[in-house]
Amino acid sequence: MSLLKYESQQREPLVDGNKDYHQVTEDIVRPIEMKPSRLWYIGFYISVALLLFGVYSIYREVTYGIGQWNLNKTIGWGWDITNFVWWVGIGHAGTLISAILLLFRQGWRTGVNRAAEAMTIFAVMCAGQFPIWHMGRVWMAMFVLPYPNTRGPLWVNFNSPLLWDVFAISTYFTVSLLFWYSGLLPDFATVRDRAKTKFRKMMYGVAAFGWSGSTKHWQRHESLSLVLAGLSTPLVLSVHTIVSFDFATSIVPGWHTTIFPPYFVAGAIFSGFAMVQTLMIVVRKVLNLQDYITLGHIEAMNKVIVLTGSIVGCAYLTELFIAWYGQNQYEQWAFFENRGNLFSPYGWSYYLMMFCNVVSPQLFWSRKLRRNITVTFFMSIIVNIGMWFERFVIIVTSVYRDFLPSSWSTYYSPSIWEIGFYLGTFGLFFTCFFLFGKYFPVIAIAEIKAVLKTSGENYKAKMTDIEKADAEKFYIEEVEHAH
Amino acid sequence: MAGGQKKFVVGSFDDEAVLFPAVKKVRKAGYKIHDVYTPFPVHGLDHAMGLRETSIHTAGFIYAVTGTTTAVTFMSWVFTKDWPLNIGGKPHFALPAWIPITFELTVLFAAVGMVLTFCYLCNLAPFVKKHIFHPRATDDLFVMAIECTDKTNDAEVQSFLENAGAKEINVQVAETGWWIGRYDREQKLYKEEKGY
């Protein structure tokens with residue numbers, strides 16, 4: 001019972017309104033116990049329809065081959081790897097919120113971490129589809145795993161960044177899932193213990209693994225969360241670093257740069273936070289959780305967006321500078337002709353990327369705009385589009401004209417099945433997210449309760465008196481006790 | 001599996017500020033606190049109850065080291081002994097190139113191992129069922145269960161808890177261990193228990 005539990009009055013409350021512990025449970029569990037709205041069904045069915053379209057697109061690709069996508073020499077990586085990197089990047093915000101902000105003791109993470117982690121898991125699931133189906137002969141996908149086989153045994157190449165990726169993405173998915181689920185156990189127990197139907201009691205009883213809330217269990221749970229956060233922090237940085245190695249270790253002009261790892265990680269966090277904003281602004285409105293995901297939360301995330309957006313901007317300019325300074329004619333061609341020349345076939349995409357990722361987030365230097373929900377929502381979409389184009393620019397503008405002019409592609413545009421595959425991952429993502437919104441506590445109930453008495457609006461108001469009284473009590477109880 | 005039937009005096013508190021002094025008093029009076037069930041991690045409660053620090057992080061470290069050694073030895077064996085593949089004339093023992101996979105396996109082993117250890121230590125698994133002393137222990141109450149022996153006077157403990165500030169007090173006979181079961185059976189639904 002130290003005095004450190006008191007928070008400065010200068011800080012904005014993390015939970016608005018007049019809440020007690022029971023009210024927190026009520027507010028967050030209510031959507032699970034109610035019938036879903038008509039809007040939920042509409043959204044869910046649209047997502048499932050998209051998912052089915054994606055499944056059909058994949059069926060076309062598996063049956064007729066990669067040619068179903070308009071991939072051809074020299075463009076071997078088109079929309080699919082663009083989408084892969086885009087989805088993986090989006091996942092990073094969830095881990096940043098749940099792990100890095102936990103280590104930095106940022107209280108505001110409690111409002112958004114559960115949904116952001118869910119977003120991470122679903123985004124990584126979507127990302128994983130692209131390299132798998134891009135293999136073409138997907139029935140041989142297990143060849144990427146180092147298992148004893150009858151081909152020698154011939155092992156995988158541990159020196160290859162593409163194999164590092166296999167390990168990075170699968171580890172990332174597993175660890176994120178474990179972290180997320182261990183946090184969900186106590187909240188599932190909350191839903192279980194107040195269930196009003198037998199069926200719900202059984203389902204959440206199974207999901208909660210028999211959680212009782214024992215003090216010893218909480219102690220271990222806290223320790224587990226802290227260590228998992230400590231492990232996830234370098235992990236999340238490593239994942240996009242390794243994704244960037246797919247490009248950076250090659251000799252393709254425009255990819256062959258040492259700046260890629262930090263630049264990719266910053267971009268990943270940037271796009272991930274934009275996606276969290278898109279989702280959270282809808283979720284808080286639809287599920288009526290404005291008291292838990294407050295304007296303060298949105299502002300905090302916008303600050304991360306303007307920071308990481310500016311880091312990405314610095315990286316773009318550094319690339320240009322190094323291309324000029326490095327005096328390599330192929331690098332210079334990639335940057336100043338394929339990308340920087342607005343009138344080259346893909347020049348437009350480079351400037352679109354620059355505008356969406358570097359110029360537009362600068363609006364968030366204004367506090368008023370950071371706290372404006374409409375602007376934030378609009379901006380989050382722009383950033384997501386911009387970050388998609390960043391990957392598109394990196395991949396396509398580097399490969400559509402290679403060293404041999406006779407094999408230059410005149411123009412690459414995706415086929416309907418390539419687009420359909422991308423839409424299908426949206427379907428997968430939102431199908432999962434709609435189910436999550438209906439059946440899972442979208443906010444970490446236990447974590448909100450743990451910060452309620454320090455950061456709740458009604459408690460902060462009373463705090464001045466308590467602080468004074470408790471300081472005396474603290475002195476009598478603790479300091480004397482220590483001697 | 002099960003520790004047999006035991007008798008408990010159960011006191012529920014609605015404020016952690018009342019709970020802390022109560023824990024102290026109960027321990028001072030010499031009663032044995034079976035456990036305190038809380039809806040969220042109450043910091044310092046483990047110390048107040050005299051629980052020792054968990055060493056789950058040490059287990060995590062051991063798993064991490066296992067992951068590191070597994071990755072390095074396996075890749076070394078594959079590339080130097082089992083099938084030394086010539087990759088662009090580069091050294092077979094390419095340690096720097098193995099750093100990413102070594103790191104990933106370190107994290108993977110540590111995370112998976114720790115979560116499994118956590119579930120094992122806390123007896124957590126699907127279909128595991130434990131006695132719930134109060135259904136609101138996962139909502140808004142802090143539930144203290146005091147174990148009774150043959151010598152314990154229940155009434156005395158109950159009035160003691162009342163003085164310590166407990167809002168609801170009752171005596172329950174329960175199994176302390178865990179068993180395989182489902183929560184929808186043999187347990188009253190919440191609305192029957194309390195009128196929410």
# chains A, B, ... in the order shown; residues from 1 in each chain; ligands from 1
>>> interface_residues(of="chain A", to="chain B", cutoff="7 Å", atoms="only C-alpha atoms", output="VMD selection string")
chain A and resid 1 21 to 22 25 158 to 159 164 167 to 168 171 175 189 to 190 193 to 196 198 201 to 202 205 to 207 209 to 220 223 227 to 228 231 446 to 447 449 to 450
>>> write_last_selection(atoms="N, CA and C atoms", output="compact mmCIF listing (two decimals), in the first residue's frame")
# COMPACT_ATOMS: atom_id res chain seq x y z
N MET A 1 0.85 -1.19 0.00
CA MET A 1 0.00 0.00 0.00
C MET A 1 0.88 1.24 0.00
N TYR A 21 -16.69 -1.40 -9.40
CA TYR A 21 -16.23 -2.64 -10.02
C TYR A 21 -17.37 -3.35 -10.75
N HIS A 22 -18.53 -3.39 -10.10
CA HIS A 22 -19.63 -4.11 -10.71
C HIS A 22 -20.08 -3.45 -12.01
N THR A 25 -17.93 -4.49 -14.88
CA THR A 25 -18.31 -5.81 -15.38
C THR A 25 -19.54 -5.70 -16.25
N PHE A 158 18.78 -22.82 -43.36
CA PHE A 158 18.67 -21.95 -42.18
C PHE A 158 19.31 -20.59 -42.39
N ASN A 159 20.03 -20.44 -43.51
CA ASN A 159 20.68 -19.15 -43.77
C ASN A 159 19.79 -18.22 -44.59
N TRP A 164 13.78 -17.67 -42.15
CA TRP A 164 13.69 -16.91 -40.88
C TRP A 164 12.27 -16.42 -40.71
N PHE A 167 9.91 -18.96 -39.27
CA PHE A 167 10.04 -19.06 -37.81
C PHE A 167 9.50 -17.81 -37.12
N ALA A 168 9.79 -16.65 -37.69
CA ALA A 168 9.38 -15.40 -37.05
C ALA A 168 7.86 -15.30 -36.98
N THR A 171 6.28 -18.05 -34.70
CA THR A 171 6.53 -17.75 -33.29
C THR A 171 5.68 -16.57 -32.84
N VAL A 175 3.06 -16.85 -29.80
CA VAL A 175 3.27 -16.09 -28.56
C VAL A 175 2.15 -15.07 -28.36
N ALA A 189 -13.79 -16.11 -16.88
CA ALA A 189 -14.34 -16.55 -15.60
C ALA A 189 -15.41 -15.58 -15.12
N THR A 190 -15.20 -14.29 -15.37
CA THR A 190 -16.21 -13.30 -14.99
C THR A 190 -17.51 -13.56 -15.73
N ASP A 193 -19.18 -16.78 -14.33
CA ASP A 193 -19.80 -16.71 -13.02
C ASP A 193 -21.07 -15.88 -12.99
N ARG A 194 -21.31 -15.11 -14.03
CA ARG A 194 -22.58 -14.37 -14.03
C ARG A 194 -23.48 -14.84 -15.17
N ALA A 195 -23.17 -16.01 -15.72
CA ALA A 195 -23.96 -16.52 -16.84
C ALA A 195 -25.39 -16.79 -16.40
N LYS A 196 -26.33 -16.47 -17.30
CA LYS A 196 -27.73 -16.67 -16.96
C LYS A 196 -28.30 -17.89 -17.66
N LYS A 198 -27.54 -22.05 -18.98
CA LYS A 198 -26.68 -23.22 -18.76
C LYS A 198 -25.61 -23.31 -19.85
N LYS A 201 -22.87 -20.88 -19.40
CA LYS A 201 -22.06 -21.27 -18.25
C LYS A 201 -21.07 -22.37 -18.65
N MET A 202 -21.55 -23.31 -19.46
CA MET A 202 -20.68 -24.40 -19.87
C MET A 202 -19.57 -23.88 -20.78
N GLY A 205 -17.25 -21.67 -19.03
CA GLY A 205 -16.56 -22.48 -18.03
C GLY A 205 -15.40 -23.24 -18.65
N VAL A 206 -15.63 -23.78 -19.84
CA VAL A 206 -14.55 -24.48 -20.54
C VAL A 206 -13.47 -23.48 -20.94
N ALA A 207 -13.90 -22.32 -21.46
CA ALA A 207 -12.93 -21.34 -21.95
C ALA A 207 -12.10 -20.75 -20.82
N PHE A 209 -10.94 -22.22 -18.25
CA PHE A 209 -9.97 -23.19 -17.72
C PHE A 209 -10.10 -23.38 -16.21
N GLY A 210 -11.23 -23.06 -15.61
CA GLY A 210 -11.39 -23.22 -14.17
C GLY A 210 -10.71 -22.13 -13.36
N TRP A 211 -10.63 -20.94 -13.91
CA TRP A 211 -10.00 -19.82 -13.20
C TRP A 211 -10.83 -19.45 -11.97
N SER A 212 -10.16 -19.25 -10.82
CA SER A 212 -10.91 -18.95 -9.61
C SER A 212 -10.61 -17.56 -9.05
N GLY A 213 -9.52 -16.95 -9.47
CA GLY A 213 -9.16 -15.65 -8.92
C GLY A 213 -8.34 -15.73 -7.66
N SER A 214 -7.77 -16.89 -7.39
CA SER A 214 -6.93 -17.08 -6.22
C SER A 214 -5.73 -16.12 -6.23
N THR A 215 -5.38 -15.64 -5.06
CA THR A 215 -4.29 -14.66 -4.98
C THR A 215 -2.98 -15.22 -5.53
N LYS A 216 -2.72 -16.49 -5.21
CA LYS A 216 -1.49 -17.11 -5.72
C LYS A 216 -1.50 -17.16 -7.24
N HIS A 217 -2.68 -17.48 -7.80
CA HIS A 217 -2.79 -17.54 -9.25
C HIS A 217 -2.58 -16.17 -9.87
N TRP A 218 -3.13 -15.16 -9.22
CA TRP A 218 -2.94 -13.80 -9.73
C TRP A 218 -1.48 -13.42 -9.69
N GLN A 219 -0.81 -13.83 -8.62
CA GLN A 219 0.61 -13.50 -8.49
C GLN A 219 1.39 -14.10 -9.66
N ARG A 220 1.11 -15.38 -9.96
CA ARG A 220 1.79 -16.03 -11.07
C ARG A 220 1.38 -15.39 -12.40
N SER A 223 3.25 -12.25 -12.98
CA SER A 223 4.64 -12.55 -13.34
C SER A 223 4.71 -13.04 -14.78
N VAL A 227 6.70 -11.28 -17.95
CA VAL A 227 7.76 -11.95 -18.72
C VAL A 227 7.34 -12.09 -20.18
N LEU A 228 6.06 -12.42 -20.41
CA LEU A 228 5.61 -12.53 -21.80
C LEU A 228 5.73 -11.17 -22.50
N LEU A 231 9.27 -10.74 -23.39
CA LEU A 231 9.65 -11.57 -24.53
C LEU A 231 9.06 -11.03 -25.83
N ALA A 446 -10.45 -7.25 -15.91
CA ALA A 446 -9.64 -7.27 -14.70
C ALA A 446 -8.63 -6.12 -14.70
N GLU A 447 -8.08 -5.83 -15.87
CA GLU A 447 -7.07 -4.77 -15.91
C GLU A 447 -7.69 -3.40 -15.70
N LYS A 449 -10.32 -2.88 -13.86
CA LYS A 449 -10.63 -2.81 -12.43
C LYS A 449 -9.37 -2.48 -11.63
N ALA A 450 -8.24 -2.99 -12.10
CA ALA A 450 -7.00 -2.74 -11.36
C ALA A 450 -6.58 -1.28 -11.42
>>> select_by_dssp(residues="range 200-253 of chain A", states="alpha helix (DSSP H)", output="PyMOL selection string")
chain A and resi 200-207+215-248
>>> residues_around(residues="Gln172 in chain B", least_positions_apart="2", cutoff="8 Å", atoms="only C-alpha atoms", output="list in words")
Lys7, Phe8, Val9, Val10, Phe133, Asn170 and Ala174 of chain B
>>> select_by_dssp(residues="chain B", states="strand (DSSP E)", output="compact mmCIF listing (two decimals) with N, CA and C atoms, in the first residue's frame")
# COMPACT_ATOMS: atom_id res chain seq x y z
N GLN B 5 -13.30 -33.27 1.63
CA GLN B 5 -14.21 -32.22 2.06
C GLN B 5 -13.62 -31.47 3.25
N LYS B 6 -13.72 -30.16 3.18
CA LYS B 6 -13.26 -29.34 4.30
C LYS B 6 -14.30 -28.28 4.57
N LYS B 7 -14.22 -27.74 5.78
CA LYS B 7 -15.18 -26.71 6.14
C LYS B 7 -14.47 -25.35 6.10
N PHE B 8 -15.16 -24.37 5.56
CA PHE B 8 -14.59 -23.03 5.45
C PHE B 8 -15.56 -21.99 5.97
N VAL B 9 -15.00 -20.98 6.61
CA VAL B 9 -15.79 -19.78 6.88
C VAL B 9 -15.41 -18.78 5.82
N VAL B 10 -16.41 -18.29 5.09
CA VAL B 10 -16.14 -17.46 3.93
C VAL B 10 -16.64 -16.04 4.19
N GLY B 11 -15.77 -15.08 4.10
CA GLY B 11 -16.16 -13.69 4.27
C GLY B 11 -15.89 -12.92 3.00
N SER B 12 -16.88 -12.12 2.58
CA SER B 12 -16.70 -11.36 1.34
C SER B 12 -16.59 -9.88 1.67
N PHE B 13 -15.58 -9.24 1.10
CA PHE B 13 -15.33 -7.82 1.33
C PHE B 13 -15.62 -7.08 0.03
N LYS B 32 -6.20 -19.82 9.75
CA LYS B 32 -5.50 -20.19 8.52
C LYS B 32 -6.31 -19.73 7.31
N ILE B 33 -5.76 -18.76 6.58
CA ILE B 33 -6.44 -18.31 5.36
C ILE B 33 -6.18 -19.34 4.28
N HIS B 34 -7.27 -19.95 3.81
CA HIS B 34 -7.12 -20.92 2.71
C HIS B 34 -6.71 -20.18 1.45
N ASP B 35 -7.45 -19.12 1.12
CA ASP B 35 -7.13 -18.31 -0.05
C ASP B 35 -7.99 -17.06 -0.03
N VAL B 36 -7.56 -16.06 -0.80
CA VAL B 36 -8.40 -14.89 -1.02
C VAL B 36 -8.64 -14.80 -2.52
N TYR B 37 -9.90 -14.75 -2.91
CA TYR B 37 -10.25 -14.71 -4.34
C TYR B 37 -10.63 -13.30 -4.72
N VAL B 128 -11.61 -28.25 -16.29
CA VAL B 128 -11.23 -28.30 -14.88
C VAL B 128 -12.25 -27.48 -14.10
N LYS B 129 -12.64 -28.02 -12.97
CA LYS B 129 -13.68 -27.36 -12.18
C LYS B 129 -13.20 -27.24 -10.75
N LYS B 130 -13.43 -26.08 -10.17
CA LYS B 130 -13.04 -25.87 -8.78
C LYS B 130 -14.24 -25.32 -8.02
N PHE B 142 -14.16 -9.36 -2.83
CA PHE B 142 -12.88 -9.96 -2.44
C PHE B 142 -13.23 -11.02 -1.40
N VAL B 143 -13.05 -12.27 -1.76
CA VAL B 143 -13.61 -13.36 -0.96
C VAL B 143 -12.51 -14.09 -0.20
N MET B 144 -12.62 -14.04 1.11
CA MET B 144 -11.61 -14.69 1.94
C MET B 144 -12.18 -15.99 2.49
N ALA B 145 -11.47 -17.10 2.25
CA ALA B 145 -11.92 -18.39 2.77
C ALA B 145 -10.97 -18.81 3.88
N ILE B 146 -11.53 -19.00 5.09
CA ILE B 146 -10.72 -19.41 6.23
C ILE B 146 -11.00 -20.88 6.51
N GLU B 147 -9.92 -21.65 6.58
CA GLU B 147 -10.08 -23.08 6.76
C GLU B 147 -10.38 -23.40 8.23
N GLU B 168 -20.52 -10.12 3.69
CA GLU B 168 -21.32 -11.35 3.64
C GLU B 168 -20.48 -12.44 4.26
N ILE B 169 -21.06 -13.19 5.20
CA ILE B 169 -20.30 -14.26 5.83
C ILE B 169 -21.12 -15.53 5.82
N ASN B 170 -20.53 -16.64 5.47
CA ASN B 170 -21.23 -17.91 5.57
C ASN B 170 -20.23 -19.05 5.77
N VAL B 171 -20.78 -20.22 6.04
CA VAL B 171 -19.94 -21.39 6.24
C VAL B 171 -20.18 -22.34 5.08
N GLN B 172 -19.13 -22.83 4.48
CA GLN B 172 -19.29 -23.73 3.34
C GLN B 172 -18.45 -24.97 3.54
N VAL B 173 -19.00 -26.08 3.08
CA VAL B 173 -18.22 -27.31 3.05
C VAL B 173 -17.85 -27.55 1.60
N ALA B 174 -16.57 -27.68 1.33
CA ALA B 174 -16.17 -27.75 -0.07
C ALA B 174 -14.95 -28.64 -0.25
N GLU B 175 -14.79 -29.07 -1.48
CA GLU B 175 -13.58 -29.80 -1.84
C GLU B 175 -12.52 -28.78 -2.23
N TRP B 178 -9.25 -29.82 -7.44
CA TRP B 178 -9.97 -29.58 -8.68
C TRP B 178 -10.43 -30.93 -9.19
N TRP B 179 -11.39 -30.91 -10.03
CA TRP B 179 -11.87 -32.15 -10.63
C TRP B 179 -12.36 -31.85 -12.03
N ILE B 180 -12.58 -32.90 -12.78
CA ILE B 180 -13.05 -32.71 -14.14
C ILE B 180 -14.56 -32.53 -14.09
>>> atom_distance(atom1="CA of Leu184 in chain A", atom2="CA of Thr110 in chain A")
12.8 Å
>>> residues_around(residues="range 6-20 of chain A", least_positions_apart="5", cutoff="7 Å", atoms="only C-alpha atoms", output="PyMOL selection string")
chain A and resi 108+291-292+296+452+454-458+460
>>> closest_residue(among="B:Ala29, B:Ala166, B:Thr176, B:Tyr63", to="Gly113 in chain B", atoms="only C-alpha atoms")
B:Tyr63
>>> residues_around(residues="Asn302 in chain A", least_positions_apart="2", cutoff="8 Å", atoms="only C-alpha atoms", output="list in words")
Phe273, Ile298, Glu299, Ala300, Val304, Ile305, Val306, Phe364, Arg370 and Thr376 of chain A
>>> write_last_selection(atoms="C-alpha atoms", output="CSV table (one decimal), in the first residue's frame")
chain,number,residue,atom,x,y,z
A,273,PHE,CA,-2.2,2.0,-34.9
A,298,ILE,CA,-7.6,8.1,-29.1
A,299,GLU,CA,-5.3,11.1,-28.6
A,300,ALA,CA,-2.5,8.9,-27.2
A,304,VAL,CA,2.1,7.4,-31.7
A,305,ILE,CA,0.8,7.8,-35.3
A,306,VAL,CA,2.4,11.2,-35.7
A,364,PHE,CA,-1.9,15.4,-35.6
A,370,ARG,CA,-6.0,14.6,-32.4
A,376,THR,CA,-9.0,10.5,-36.7
>>> decode(residues="range 308-321 of chain A", atoms="N, CA and C atoms", output="tab-separated table (two decimals), in the first residue's frame")
chain	number	residue	atom	x	y	z
A	308	THR	N	5.48	7.81	-35.34
A	308	THR	CA	5.96	6.76	-36.24
A	308	THR	C	5.85	7.21	-37.70
A	309	GLY	N	4.81	8.00	-38.03
A	309	GLY	CA	4.69	8.53	-39.39
A	309	GLY	C	5.88	9.39	-39.74
A	310	SER	N	6.34	10.16	-38.77
A	310	SER	CA	7.49	11.02	-39.03
A	310	SER	C	8.77	10.21	-39.15
A	311	ILE	N	8.87	9.13	-38.37
A	311	ILE	CA	10.05	8.26	-38.50
A	311	ILE	C	10.07	7.66	-39.91
A	312	VAL	N	8.90	7.21	-40.36
A	312	VAL	CA	8.80	6.65	-41.71
A	312	VAL	C	9.19	7.71	-42.73
A	313	GLY	N	8.73	8.94	-42.52
A	313	GLY	CA	9.08	10.03	-43.43
A	313	GLY	C	10.58	10.24	-43.49
A	314	CYS	N	11.23	10.23	-42.33
A	314	CYS	CA	12.69	10.37	-42.28
A	314	CYS	C	13.35	9.25	-43.07
A	315	ALA	N	12.79	8.03	-42.92
A	315	ALA	CA	13.38	6.89	-43.63
A	315	ALA	C	13.27	7.08	-45.14
A	316	TYR	N	12.11	7.58	-45.61
A	316	TYR	CA	11.95	7.81	-47.06
A	316	TYR	C	13.02	8.78	-47.56
A	317	LEU	N	13.21	9.86	-46.79
A	317	LEU	CA	14.16	10.86	-47.24
A	317	LEU	C	15.59	10.32	-47.17
A	318	THR	N	15.88	9.52	-46.13
A	318	THR	CA	17.21	8.94	-46.01
A	318	THR	C	17.51	8.04	-47.21
A	319	GLU	N	16.51	7.24	-47.59
A	319	GLU	CA	16.68	6.37	-48.76
A	319	GLU	C	17.06	7.18	-49.99
A	320	LEU	N	16.33	8.26	-50.20
A	320	LEU	CA	16.60	9.10	-51.37
A	320	LEU	C	18.01	9.66	-51.30
A	321	PHE	N	18.37	10.14	-50.11
A	321	PHE	CA	19.69	10.73	-49.95
A	321	PHE	C	20.78	9.70	-50.24
